[in-house]
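For reference, data-v6.pdb (PDB, C-alpha atoms and all ligand atoms):
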MODEL        1
ATOM      1  CA  MET A1269     -14.887  21.868  11.142
ATOM      2  CA  GLU A1270     -13.579  18.377  11.638
ATOM      3  CA  LEU A1271     -17.084  16.941  11.728
ATOM      4  CA  PHE A1272     -17.884  18.802   8.557
ATOM      5  CA  VAL A1273     -14.853  17.274   6.824
ATOM      6  CA  VAL A1274     -15.841  13.822   8.042
ATOM      7  CA  PHE A1275     -19.354  14.432   6.810
ATOM      8  CA  ILE A1276     -18.130  15.453   3.342
ATOM      9  CA  LEU A1277     -15.822  12.448   3.211
ATOM     10  CA  PHE A1278     -18.638  10.200   4.288
ATOM     11  CA  GLY A1279     -20.808  11.683   1.580
ATOM     12  CA  LEU A1280     -18.141  11.077  -1.051
ATOM     13  CA  LEU A1281     -17.583   7.558   0.198
ATOM     14  CA  SER A1282     -21.284   6.804   0.209
ATOM     15  CA  PHE A1283     -21.420   7.952  -3.379
ATOM     16  CA  ALA A1284     -18.337   5.960  -4.370
ATOM     17  CA  PHE A1285     -19.496   2.753  -2.743
ATOM     18  CA  ALA A1286     -23.193   2.871  -3.486
ATOM     19  CA  GLY A1287     -24.610   0.762  -6.280
ATOM     20  CA  ILE A1288     -26.770   2.157  -9.088
ATOM     21  CA  ASP A1289     -29.874   2.036  -6.925
ATOM     22  CA  GLY A1290     -27.992   3.532  -3.993
ATOM     23  CA  VAL A1291     -27.561   0.278  -2.062
ATOM     24  CA  HIS A1292     -24.130  -0.208  -0.491
ATOM     25  CA  TRP A1293     -22.304  -3.419  -1.220
ATOM     26  CA  THR A1294     -21.480  -5.471   1.849
ATOM     27  CA  TYR A1295     -19.782  -8.760   2.625
ATOM     28  CA  SER A1296     -22.657 -10.520   4.337
ATOM     29  CA  GLU A1297     -25.652  -8.319   5.112
ATOM     30  CA  GLY A1298     -28.428  -6.628   3.196
ATOM     31  CA  ALA A1299     -29.525  -6.737  -0.433
ATOM     32  CA  LEU A1300     -26.065  -6.361  -1.978
ATOM     33  CA  ASP A1301     -24.029  -8.938  -0.047
ATOM     34  CA  GLN A1302     -21.241 -10.775  -1.875
ATOM     35  CA  ILE A1303     -23.538 -13.420  -3.322
ATOM     36  CA  HIS A1304     -25.347 -10.610  -5.184
ATOM     37  CA  TRP A1305     -22.452  -8.352  -6.213
ATOM     38  CA  ALA A1306     -22.642  -9.507  -9.841
ATOM     39  CA  GLU A1307     -26.164  -8.097 -10.168
ATOM     40  CA  GLU A1308     -24.807  -4.553  -9.797
ATOM     41  CA  TYR A1309     -21.202  -5.195 -10.861
ATOM     42  CA  PRO A1310     -21.206  -7.711 -13.751
ATOM     43  CA  ALA A1311     -17.438  -8.326 -13.639
ATOM     44  CA  CYS A1312     -17.917  -9.933 -10.194
ATOM     45  CA  GLY A1313     -19.497 -12.873 -12.016
ATOM     46  CA  GLY A1314     -16.529 -13.395 -14.372
ATOM     47  CA  ARG A1315     -14.312 -16.448 -14.820
ATOM     48  CA  LYS A1316     -11.068 -14.945 -13.475
ATOM     49  CA  GLN A1317     -12.160 -13.735 -10.074
ATOM     50  CA  SER A1318     -10.261 -13.394  -6.827
ATOM     51  CA  PRO A1319      -9.622 -14.572  -4.192
ATOM     52  CA  ILE A1320      -9.087 -18.280  -4.802
ATOM     53  CA  ASP A1321      -8.204 -21.327  -2.780
ATOM     54  CA  ILE A1322      -4.584 -22.199  -3.600
ATOM     55  CA  GLN A1323      -4.285 -25.964  -3.777
ATOM     56  CA  ARG A1324      -0.635 -26.841  -3.342
ATOM     57  CA  ARG A1325      -0.981 -30.156  -5.227
ATOM     58  CA  HIS A1326      -2.202 -28.325  -8.322
ATOM     59  CA  VAL A1327       0.313 -25.497  -8.325
ATOM     60  CA  ARG A1328       2.849 -25.477 -11.166
ATOM     61  CA  HIS A1329       6.438 -24.698 -10.219
ATOM     62  CA  ASN A1330       7.875 -22.002 -12.494
ATOM     63  CA  PRO A1331      11.616 -21.594 -11.862
ATOM     64  CA  ASN A1332      11.695 -18.570 -14.193
ATOM     65  CA  MET A1333       9.698 -16.407 -11.808
ATOM     66  CA  LEU A1334      12.167 -14.138 -10.063
ATOM     67  CA  GLU A1335      11.906 -12.538  -6.663
ATOM     68  CA  LEU A1336      10.321  -9.083  -6.857
ATOM     69  CA  GLU A1337      12.511  -6.043  -6.477
ATOM     70  CA  LEU A1338      10.692  -3.558  -4.258
ATOM     71  CA  THR A1339      12.062  -0.035  -4.584
ATOM     72  CA  GLY A1340      11.290   2.751  -2.108
ATOM     73  CA  TYR A1341       9.528   0.420   0.338
ATOM     74  CA  GLY A1342      11.874   1.259   3.218
ATOM     75  CA  GLU A1343      11.780   3.952   5.889
ATOM     76  CA  MET A1344      10.028   7.166   4.844
ATOM     77  CA  THR A1345      10.003  10.112   7.247
ATOM     78  CA  ASN A1346       8.461  13.580   7.042
ATOM     79  CA  GLY A1347       5.787  12.143   4.792
ATOM     80  CA  ASN A1348       2.060  12.763   4.737
ATOM     81  CA  PHE A1349       0.486   9.370   4.212
ATOM     82  CA  PHE A1350      -3.295   9.429   4.225
ATOM     83  CA  MET A1351      -4.925   6.685   6.305
ATOM     84  CA  ILE A1352      -8.705   6.202   6.227
ATOM     85  CA  ASN A1353     -11.456   3.919   7.472
ATOM     86  CA  ASN A1354     -13.491   3.648   4.265
ATOM     87  CA  GLY A1355     -16.217   1.514   5.822
ATOM     88  CA  HIS A1356     -14.842  -1.734   4.375
ATOM     89  CA  THR A1357     -11.242  -1.674   5.614
ATOM     90  CA  VAL A1358      -8.432   0.585   6.765
ATOM     91  CA  GLN A1359      -6.457   1.962   3.826
ATOM     92  CA  ILE A1360      -3.125   3.780   3.710
ATOM     93  CA  ASN A1361      -2.339   5.665   0.494
ATOM     94  CA  LEU A1362       1.189   5.057  -0.739
ATOM     95  CA  PRO A1363       3.542   7.427  -2.569
ATOM     96  CA  PRO A1364       4.597   6.837  -6.217
ATOM     97  CA  THR A1365       8.198   6.465  -5.060
ATOM     98  CA  MET A1366       7.226   2.918  -4.021
ATOM     99  CA  MET A1367       7.541   0.617  -7.018
ATOM    100  CA  ILE A1368       7.944  -2.956  -8.179
ATOM    101  CA  THR A1369      10.969  -2.494 -10.410
ATOM    102  CA  LYS A1370      11.800  -6.118 -11.272
ATOM    103  CA  GLY A1371      10.072  -9.481 -11.307
ATOM    104  CA  LEU A1372       6.983  -8.627 -13.394
ATOM    105  CA  ALA A1373       6.767  -7.931 -17.124
ATOM    106  CA  ASP A1374       6.239  -4.215 -16.485
ATOM    107  CA  ARG A1375       7.019  -1.679 -13.796
ATOM    108  CA  TYR A1376       4.245  -1.162 -11.249
ATOM    109  CA  THR A1377       3.780   1.837  -8.948
ATOM    110  CA  ALA A1378       2.210   1.559  -5.488
ATOM    111  CA  VAL A1379      -1.179   3.161  -4.807
ATOM    112  CA  GLN A1380      -2.459   1.967  -1.442
ATOM    113  CA  MET A1381      -2.434  -0.848   1.070
ATOM    114  CA  HIS A1382      -5.277  -2.273   3.167
ATOM    115  CA  LEU A1383      -6.160  -5.372   5.161
ATOM    116  CA  HIS A1384      -8.843  -8.036   5.382
ATOM    117  CA  TRP A1385      -9.575  -9.739   8.699
ATOM    118  CA  GLY A1386     -12.054 -11.924  10.596
ATOM    119  CA  GLY A1387     -13.076 -11.706  14.243
ATOM    120  CA  MET A1388     -16.841 -12.051  13.977
ATOM    121  CA  ASN A1389     -16.719 -14.778  16.565
ATOM    122  CA  LEU A1390     -13.891 -16.228  18.590
ATOM    123  CA  GLU A1391     -11.329 -17.863  16.288
ATOM    124  CA  ALA A1392     -12.913 -16.501  13.083
ATOM    125  CA  SER A1393     -10.112 -16.041  10.550
ATOM    126  CA  GLY A1394     -10.400 -13.535   7.742
ATOM    127  CA  SER A1395      -7.823 -13.903   4.975
ATOM    128  CA  GLU A1396      -9.219 -13.762   1.439
ATOM    129  CA  HIS A1397      -6.958 -16.325  -0.192
ATOM    130  CA  THR A1398      -6.915 -19.730   1.426
ATOM    131  CA  VAL A1399      -4.280 -22.440   1.070
ATOM    132  CA  ASP A1400      -5.542 -26.019   0.843
ATOM    133  CA  GLY A1401      -8.817 -24.718   2.234
ATOM    134  CA  ILE A1402      -7.184 -23.182   5.307
ATOM    135  CA  ARG A1403      -8.025 -19.546   6.029
ATOM    136  CA  TYR A1404      -5.290 -17.474   7.655
ATOM    137  CA  ILE A1405      -6.091 -14.920  10.379
ATOM    138  CA  ALA A1406      -5.835 -11.885   8.124
ATOM    139  CA  GLU A1407      -4.364 -10.682   4.817
ATOM    140  CA  LEU A1408      -2.533  -7.563   3.642
ATOM    141  CA  HIS A1409      -2.916  -6.213   0.092
ATOM    142  CA  VAL A1410      -0.425  -3.776  -1.408
ATOM    143  CA  VAL A1411      -2.020  -2.436  -4.596
ATOM    144  CA  HIS A1412       0.010  -1.174  -7.595
ATOM    145  CA  TYR A1413      -0.840  -0.025 -11.125
ATOM    146  CA  ASN A1414       1.103  -0.652 -14.324
ATOM    147  CA  SER A1415       2.971   2.638 -14.711
ATOM    148  CA  ASP A1416       4.784   1.517 -17.887
ATOM    149  CA  LYS A1417       1.454   1.307 -19.727
ATOM    150  CA  TYR A1418      -0.912   3.665 -17.875
ATOM    151  CA  LYS A1419      -0.909   7.176 -16.433
ATOM    152  CA  ASN A1420      -2.618   6.349 -13.150
ATOM    153  CA  PHE A1421      -4.631   3.797 -11.182
ATOM    154  CA  ASP A1422      -7.968   4.870 -12.686
ATOM    155  CA  GLU A1423      -6.738   4.329 -16.219
ATOM    156  CA  ALA A1424      -5.212   0.944 -15.330
ATOM    157  CA  LYS A1425      -7.833  -0.552 -13.032
ATOM    158  CA  ASP A1426      -9.928  -2.332 -15.671
ATOM    159  CA  LYS A1427      -7.159  -3.260 -18.150
ATOM    160  CA  PRO A1428      -5.476  -6.686 -18.419
ATOM    161  CA  ASN A1429      -2.277  -6.573 -16.310
ATOM    162  CA  GLY A1430      -3.300  -3.074 -15.270
ATOM    163  CA  LEU A1431      -2.819  -3.842 -11.579
ATOM    164  CA  ALA A1432      -0.443  -5.894  -9.455
ATOM    165  CA  VAL A1433      -1.401  -6.761  -5.898
ATOM    166  CA  LEU A1434       0.994  -8.276  -3.373
ATOM    167  CA  ALA A1435      -0.826 -10.381  -0.769
ATOM    168  CA  PHE A1436       0.592 -11.433   2.584
ATOM    169  CA  PHE A1437      -0.968 -13.671   5.213
ATOM    170  CA  TYR A1438      -0.907 -12.991   8.954
ATOM    171  CA  GLU A1439      -0.575 -15.598  11.663
ATOM    172  CA  TYR A1440      -0.213 -15.557  15.448
ATOM    173  CA  GLY A1441       3.279 -15.058  16.845
ATOM    174  CA  HIS A1442       4.496 -15.172  20.435
ATOM    175  CA  PHE A1443       5.730 -11.593  20.464
ATOM    176  CA  GLU A1444       4.439  -8.166  19.602
ATOM    177  CA  ASN A1445       5.511  -7.230  16.073
ATOM    178  CA  THR A1446       6.944  -3.799  16.868
ATOM    179  CA  TYR A1447       6.962  -2.836  13.176
ATOM    180  CA  TYR A1448       3.154  -2.787  13.493
ATOM    181  CA  SER A1449       2.930  -0.854  16.782
ATOM    182  CA  ASP A1450       2.231   2.546  15.186
ATOM    183  CA  PHE A1451      -0.254   1.108  12.707
ATOM    184  CA  ILE A1452      -2.161  -0.766  15.418
ATOM    185  CA  SER A1453      -2.299   2.211  17.769
ATOM    186  CA  ASN A1454      -3.464   4.514  14.949
ATOM    187  CA  LEU A1455      -6.515   2.325  14.297
ATOM    188  CA  ARG A1456      -8.517   3.914  17.111
ATOM    189  CA  LYS A1457      -7.987   7.330  15.499
ATOM    190  CA  VAL A1458      -9.895   6.139  12.413
ATOM    191  CA  ARG A1459     -12.480   4.145  14.344
ATOM    192  CA  TYR A1460     -15.527   5.467  12.483
ATOM    193  CA  THR A1461     -16.280   5.215   8.765
ATOM    194  CA  GLY A1462     -14.969   8.273   6.943
ATOM    195  CA  GLN A1463     -12.443   9.175   9.648
ATOM    196  CA  SER A1464      -8.931   9.748   8.401
ATOM    197  CA  MET A1465      -5.528  10.923   9.533
ATOM    198  CA  ASN A1466      -2.117  11.549   8.055
ATOM    199  CA  ILE A1467       0.880   9.544   9.205
ATOM    200  CA  SER A1468       4.336  11.029   8.853
ATOM    201  CA  ARG A1469       6.500   7.897   9.123
ATOM    202  CA  LEU A1470       6.035   4.673   7.217
ATOM    203  CA  ASN A1471       8.224   1.662   6.527
ATOM    204  CA  VAL A1472       6.260  -0.847   4.470
ATOM    205  CA  ARG A1473       9.249  -3.140   3.917
ATOM    206  CA  SER A1474       9.534  -3.756   7.660
ATOM    207  CA  MET A1475       5.833  -4.709   7.788
ATOM    208  CA  LEU A1476       6.448  -7.568   5.304
ATOM    209  CA  PRO A1477       8.125 -10.949   5.869
ATOM    210  CA  GLU A1478      11.916 -10.828   5.638
ATOM    211  CA  ASN A1479      12.155 -13.545   3.010
ATOM    212  CA  LEU A1480      10.066 -12.907  -0.113
ATOM    213  CA  SER A1481      11.404 -15.785  -2.214
ATOM    214  CA  HIS A1482       8.402 -18.119  -1.881
ATOM    215  CA  PHE A1483       5.259 -16.938  -3.648
ATOM    216  CA  PHE A1484       2.323 -17.976  -5.802
ATOM    217  CA  ARG A1485       1.242 -16.113  -8.926
ATOM    218  CA  TYR A1486      -2.017 -16.106 -10.904
ATOM    219  CA  ASP A1487      -4.274 -13.780 -12.922
ATOM    220  CA  GLY A1488      -7.333 -12.543 -11.095
ATOM    221  CA  SER A1489      -9.424  -9.578 -10.110
ATOM    222  CA  LEU A1490     -10.113  -6.941  -7.523
ATOM    223  CA  THR A1491     -11.743  -8.747  -4.581
ATOM    224  CA  THR A1492     -14.282  -5.946  -4.056
ATOM    225  CA  PRO A1493     -16.797  -4.428  -6.486
ATOM    226  CA  PRO A1494     -16.399  -3.616  -9.332
ATOM    227  CA  CYS A1495     -14.192  -6.808  -9.376
ATOM    228  CA  PHE A1496     -12.353  -5.878 -12.610
ATOM    229  CA  GLU A1497     -10.261  -8.769 -13.965
ATOM    230  CA  SER A1498      -7.136  -6.671 -14.211
ATOM    231  CA  THR A1499      -4.873  -7.986 -11.504
ATOM    232  CA  VAL A1500      -1.735 -10.073 -11.477
ATOM    233  CA  TRP A1501      -1.650 -11.555  -7.977
ATOM    234  CA  THR A1502       1.479 -12.440  -6.045
ATOM    235  CA  VAL A1503       0.540 -14.301  -2.858
ATOM    236  CA  PHE A1504       3.452 -14.878  -0.513
ATOM    237  CA  ASP A1505       3.785 -18.226   1.236
ATOM    238  CA  THR A1506       5.665 -16.867   4.269
ATOM    239  CA  PRO A1507       3.229 -15.223   6.705
ATOM    240  CA  ILE A1508       3.695 -12.089   8.796
ATOM    241  CA  THR A1509       3.342 -12.672  12.540
ATOM    242  CA  LEU A1510       1.408 -10.429  14.937
ATOM    243  CA  SER A1511       0.726 -11.005  18.643
ATOM    244  CA  GLN A1512      -2.696 -12.150  19.860
ATOM    245  CA  ASN A1513      -3.264  -8.704  21.301
ATOM    246  CA  GLN A1514      -2.402  -6.957  18.026
ATOM    247  CA  ILE A1515      -4.797  -9.222  16.119
ATOM    248  CA  ARG A1516      -7.515  -8.594  18.715
ATOM    249  CA  ILE A1517      -7.174  -4.819  18.274
ATOM    250  CA  LEU A1518      -7.194  -5.154  14.465
ATOM    251  CA  GLU A1519     -10.376  -7.237  14.608
ATOM    252  CA  SER A1520     -12.333  -5.115  17.082
ATOM    253  CA  THR A1521     -11.485  -1.427  16.593
ATOM    254  CA  LEU A1522     -13.036  -0.224  13.335
ATOM    255  CA  MET A1523     -16.735   0.460  12.756
ATOM    256  CA  ASP A1524     -18.515   0.021   9.420
ATOM    257  CA  MET A1525     -20.958   2.364   7.643
ATOM    258  CA  GLU A1526     -23.731   1.297   9.999
ATOM    259  CA  ASN A1527     -21.517   1.919  13.019
ATOM    260  CA  LYS A1528     -21.208  -1.775  13.784
ATOM    261  CA  THR A1529     -17.875  -3.475  14.403
ATOM    262  CA  LEU A1530     -16.181  -4.056  11.042
ATOM    263  CA  TRP A1531     -15.279  -7.708  10.886
ATOM    264  CA  ASN A1532     -15.066 -10.604   8.432
ATOM    265  CA  ASP A1533     -14.366  -8.204   5.563
ATOM    266  CA  TYR A1534     -13.299 -10.914   3.152
ATOM    267  CA  ARG A1535     -14.701 -12.396  -0.031
ATOM    268  CA  ILE A1536     -15.033 -16.166  -0.260
ATOM    269  CA  ALA A1537     -12.895 -18.194  -2.688
ATOM    270  CA  GLN A1538     -13.939 -17.973  -6.358
ATOM    271  CA  PRO A1539     -13.714 -20.796  -8.932
ATOM    272  CA  LEU A1540     -10.261 -21.226 -10.498
ATOM    273  CA  ASN A1541     -11.824 -22.223 -13.850
ATOM    274  CA  GLU A1542      -9.161 -22.585 -16.589
ATOM    275  CA  ARG A1543      -6.439 -20.744 -14.682
ATOM    276  CA  VAL A1544      -3.207 -22.238 -13.371
ATOM    277  CA  VAL A1545      -1.473 -21.038 -10.208
ATOM    278  CA  GLU A1546       2.302 -20.946 -10.473
ATOM    279  CA  SER A1547       4.808 -21.007  -7.642
ATOM    280  CA  SER A1548       8.346 -19.682  -7.396
ATOM    281  CA  PHE A1549       9.336 -22.710  -5.341
ATOM    282  CA  PHE A1550       9.088 -26.472  -5.587
ATOM    283  CA  GLN A1551       6.313 -27.987  -3.472
ATOM    284  CA  GLY A1552       8.710 -30.733  -2.444
ATOM    285  CA  ASN A1553       6.731 -32.154   0.428
ATOM    286  CA  PHE A1554       3.420 -32.912  -1.198
ATOM    287  CA  LEU A1555       4.475 -36.409  -2.237
ATOM    288  CA  ILE A1556       5.478 -37.169   1.318
ATOM    289  CA  ARG A1557       2.178 -35.827   2.591
ATOM    290  CA  LYS A1558       0.312 -38.084   0.180
ATOM    291  CA  LEU A1559       2.101 -41.209   1.470
TER
HETATM  292  C1  LIG B   1      -3.966  15.219   5.364
HETATM  293  O1  LIG B   1      -3.135  15.911   4.462
HETATM  294  C2  LIG B   1      -3.837  16.520   3.387
HETATM  295  C3  LIG B   1      -2.818  17.178   2.476
HETATM  296  O2  LIG B   1      -2.043  16.187   1.871
HETATM  297  C4  LIG B   1      -4.808  17.541   3.924
HETATM  298  O3  LIG B   1      -5.549  18.096   2.856
HETATM  299  C5  LIG B   1      -5.750  16.880   4.907
HETATM  300  O4  LIG B   1      -6.582  17.857   5.503
HETATM  301  C6  LIG B   1      -4.995  16.139   5.988
HETATM  302  N1  LIG B   1      -5.955  15.372   6.771
HETATM  303  C7  LIG B   1      -5.909  15.287   8.095
HETATM  304  C8  LIG B   1      -6.971  14.472   8.736
HETATM  305  O5  LIG B   1      -5.048  15.842   8.756
HETATM  306  C1  LIG B   2      14.697 -17.464   1.619
HETATM  307  O1  LIG B   2      14.192 -18.743   1.881
HETATM  308  C2  LIG B   2      14.576 -19.708   0.911
HETATM  309  C3  LIG B   2      13.857 -21.011   1.231
HETATM  310  O2  LIG B   2      13.825 -21.281   2.586
HETATM  311  C4  LIG B   2      16.087 -19.869   0.887
HETATM  312  O3  LIG B   2      16.456 -20.789  -0.100
HETATM  313  C5  LIG B   2      16.716 -18.508   0.589
HETATM  314  O4  LIG B   2      18.121 -18.595   0.670
HETATM  315  C6  LIG B   2      16.224 -17.458   1.560
HETATM  316  N1  LIG B   2      16.695 -16.153   1.140
HETATM  317  C7  LIG B   2      17.222 -15.284   1.972
HETATM  318  C8  LIG B   2      17.664 -13.989   1.399
HETATM  319  O5  LIG B   2      17.367 -15.512   3.179
HETATM  320  C1  LIG B   3     -21.059   6.246  15.402
HETATM  321  O1  LIG B   3     -21.193   6.178  16.800
HETATM  322  C2  LIG B   3     -20.427   7.160  17.496
HETATM  323  C3  LIG B   3     -20.491   6.886  18.994
HETATM  324  O2  LIG B   3     -21.796   6.587  19.399
HETATM  325  C4  LIG B   3     -20.902   8.539  17.105
HETATM  326  O3  LIG B   3     -20.123   9.521  17.764
HETATM  327  C5  LIG B   3     -20.741   8.697  15.587
HETATM  328  O4  LIG B   3     -21.255   9.937  15.173
HETATM  329  C6  LIG B   3     -21.451   7.592  14.836
HETATM  330  N1  LIG B   3     -21.078   7.691  13.437
HETATM  331  C7  LIG B   3     -21.897   7.419  12.420
HETATM  332  C8  LIG B   3     -21.333   7.538  11.051
HETATM  333  O5  LIG B   3     -23.063   7.104  12.597
HETATM  334 ZN    ZN B   4      -7.971  -6.305  -0.633
ENDMDL
END
This structure in structure tokens:
Amino acid sequence: MELFVVFILFGLLSFAFAGIDGVHWTYSEGALDQIHWAEEYPACGGRKQSPIDIQRRHVRHNPNMLELELTGYGEMTNGNFFMINNGHTVQINLPPTMMITKGLADRYTAVQMHLHWGGMNLEASGSEHTVDGIRYIAELHVVHYNSDKYKNFDEAKDKPNGLAVLAFFYEYGHFENTYYSDFISNLRKVRYTGQSMNISRLNVRSMLPENLSHFFRYDGSLTTPPCFESTVWTVFDTPITLSQNQIRILESTLMDMENKTLWNDYRIAQPLNERVVESSFFQGNFLIRKL
């Protein structure tokens, strides 16, 4: 029964992630690696793509950008939160009670969260956004849709300002981050592509940095096909810390669609073109660094 369910899921996923000619998109292998995404998914070749390299010297301080108000992000018990290895990442579906209620022009409702990581060889980092060319160890994306303007994610996903993604970097800390213990130990239960489980307790707020006042903002896209240019990005400057052991488990547990270890699931930085990255804080030390 379980195998049958996995098989059906895998079938659905294969359908969802296959290109027109049935080829799966990948990050770095095969005919539809990231260099070739635009051939099947034209938006991937657009001028407002994500991720980007954030260059601190070129960021514009915008004191009018207020800290986001995150509603319903705290402890949830007796829930039924779907967690799946979709062959590209691990994704947890989030309930519509989680919302961004202040800080953006509209109200945005949470849909899902997932991670990007490295690990292909020792010391390989895997964040999608980079800062001054430096790649962090990993990156968390919390995806929301504009629920003031649209009925659901599908309706919003290809519209301007249809989506809002919050991005957080990970770095090594000296201690185990106990707010990640359940998440990390659940990974082996969704080891293979298409495997899923339901988690009953979730506290997303505790998985984020305490202080959310320092962030960057710019207009970009989904970082995976179909790469729609619909996303207002908020990239937080303060990283989340995980222990070496937690990072090692994150990087080595999941298997991709070909049953190979799923690693380096990140897209490389895209051209900024005419866009400007704004920051909520003053980059006070760049003058000093220049001297
Ligand atoms: C998860 O919960 C859904 C109902 O929300 C159920 O249909 C599904 O079978 C559950 N999956 C697992 C793996 O328990
Ligand atoms: C967050 O950090 C900033 C900069 O370090 C500081 O000014 C602010 O007071 C902090 N906020 C909280 C709630 O700790
Ligand atoms: C992946 O490999 C495992 C262990 O060898 C096997 O049980 C599983 O069926 C394989 N899954 C796929 C999708 O090939
Ligand atoms: Zn992502």
How would you write, as an MDAnalysis selection string, the residues chosen by the PyMOL selection byres (((chain A and resi 1514-1524) around 10) and not hetatm) on this structure?
chainID A and resid 1294 1353:1358 1383:1388 1390 1392:1394 1405:1406 1438:1441 1443:1446 1448:1449 1451:1453 1455:1462 1509:1513 1525:1533
Measure the distance from atom CA of Asn1420 of chain A to atom CA of Thr1339 of chain A in Å and round it to one decimal.
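Atom-to-atom, atom CA of Asn1420 of chain A and atom CA of Thr1339 of chain A are spaced 18.2 Å apart.
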May I have a table of the residues of chain A lying at most 9 Å from ligand ZN 4 (chain B), giving each one's closest pair of atoms and their distance in Å to one decimal, counting only C-alpha atoms and all ligand atoms, ordered by chain and ascending residue number, as a Markdown table?
| residue | atom | partner | partner_atom | distance |
| --- | --- | --- | --- | --- |
| A:Thr1357 | CA | B:ZN4 | ZN | 8.4 |
| A:Met1381 | CA | B:ZN4 | ZN | 8.0 |
| A:His1382 | CA | B:ZN4 | ZN | 6.2 |
| A:Leu1383 | CA | B:ZN4 | ZN | 6.1 |
| A:His1384 | CA | B:ZN4 | ZN | 6.3 |
| A:Glu1396 | CA | B:ZN4 | ZN | 7.8 |
| A:Glu1407 | CA | B:ZN4 | ZN | 7.9 |
| A:Leu1408 | CA | B:ZN4 | ZN | 7.0 |
| A:His1409 | CA | B:ZN4 | ZN | 5.1 |
| A:Val1410 | CA | B:ZN4 | ZN | 8.0 |
| A:Val1411 | CA | B:ZN4 | ZN | 8.1 |
| A:Val1433 | CA | B:ZN4 | ZN | 8.4 |
| A:Ala1435 | CA | B:ZN4 | ZN | 8.2 |
| A:Leu1490 | CA | B:ZN4 | ZN | 7.2 |
| A:Thr1491 | CA | B:ZN4 | ZN | 6.0 |
| A:Thr1492 | CA | B:ZN4 | ZN | 7.2 |
| A:Tyr1534 | CA | B:ZN4 | ZN | 8.0 |
Could you work out how far atom CA of Asn1414 of chain A lies from atom CA of Gly1430 of chain A, giving the answer in Å with one decimal?
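Atom CA of Asn1414 of chain A lies at a distance of 5.1 Å from atom CA of Gly1430 of chain A.
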Could you check the closest approach to ligand LIG 2 (chain B) for each of A:Asp1487, A:Glu1307, A:Pro1494, A:Ser1481 and tell me which residue wins, using only C-alpha atoms and all ligand atoms?
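Closest residue, counting only C-alpha atoms and all ligand atoms: A:Ser1481.
Distance annotation: of A:Ile1320, A:Val1291, A:Leu1338, A:Met1351, the residue with the minimal separation from Arg1473 of chain A is A:Leu1338; atom set is only C-alpha atoms.
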To verify the selection step, state as number ranges by chain which residues the PyMOL selection byres (((not hetatm)) within 7 of (chain B and resi 1)) yields on this input.
A: 1348, 1350, 1464-1466
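Excluding segment 1537-1545 of chain A itself and same-chain residues fewer than 3 positions from it, the residues having an atom within 6 Å of it are A:Gln1317, A:Ser1318, A:Pro1319, A:Ile1320, A:Asp1321, A:Val1327, A:Arg1485, A:Tyr1486, counting only C-alpha atoms.
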Looking at A:Thr1365, A:Ile1536, A:Arg1328, A:Gln1359, which one is nearest to Gln1380 of chain A, with distances taken over all atoms listed in the file?
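Smallest separation from Gln1380 of chain A among the options: A:Gln1359.
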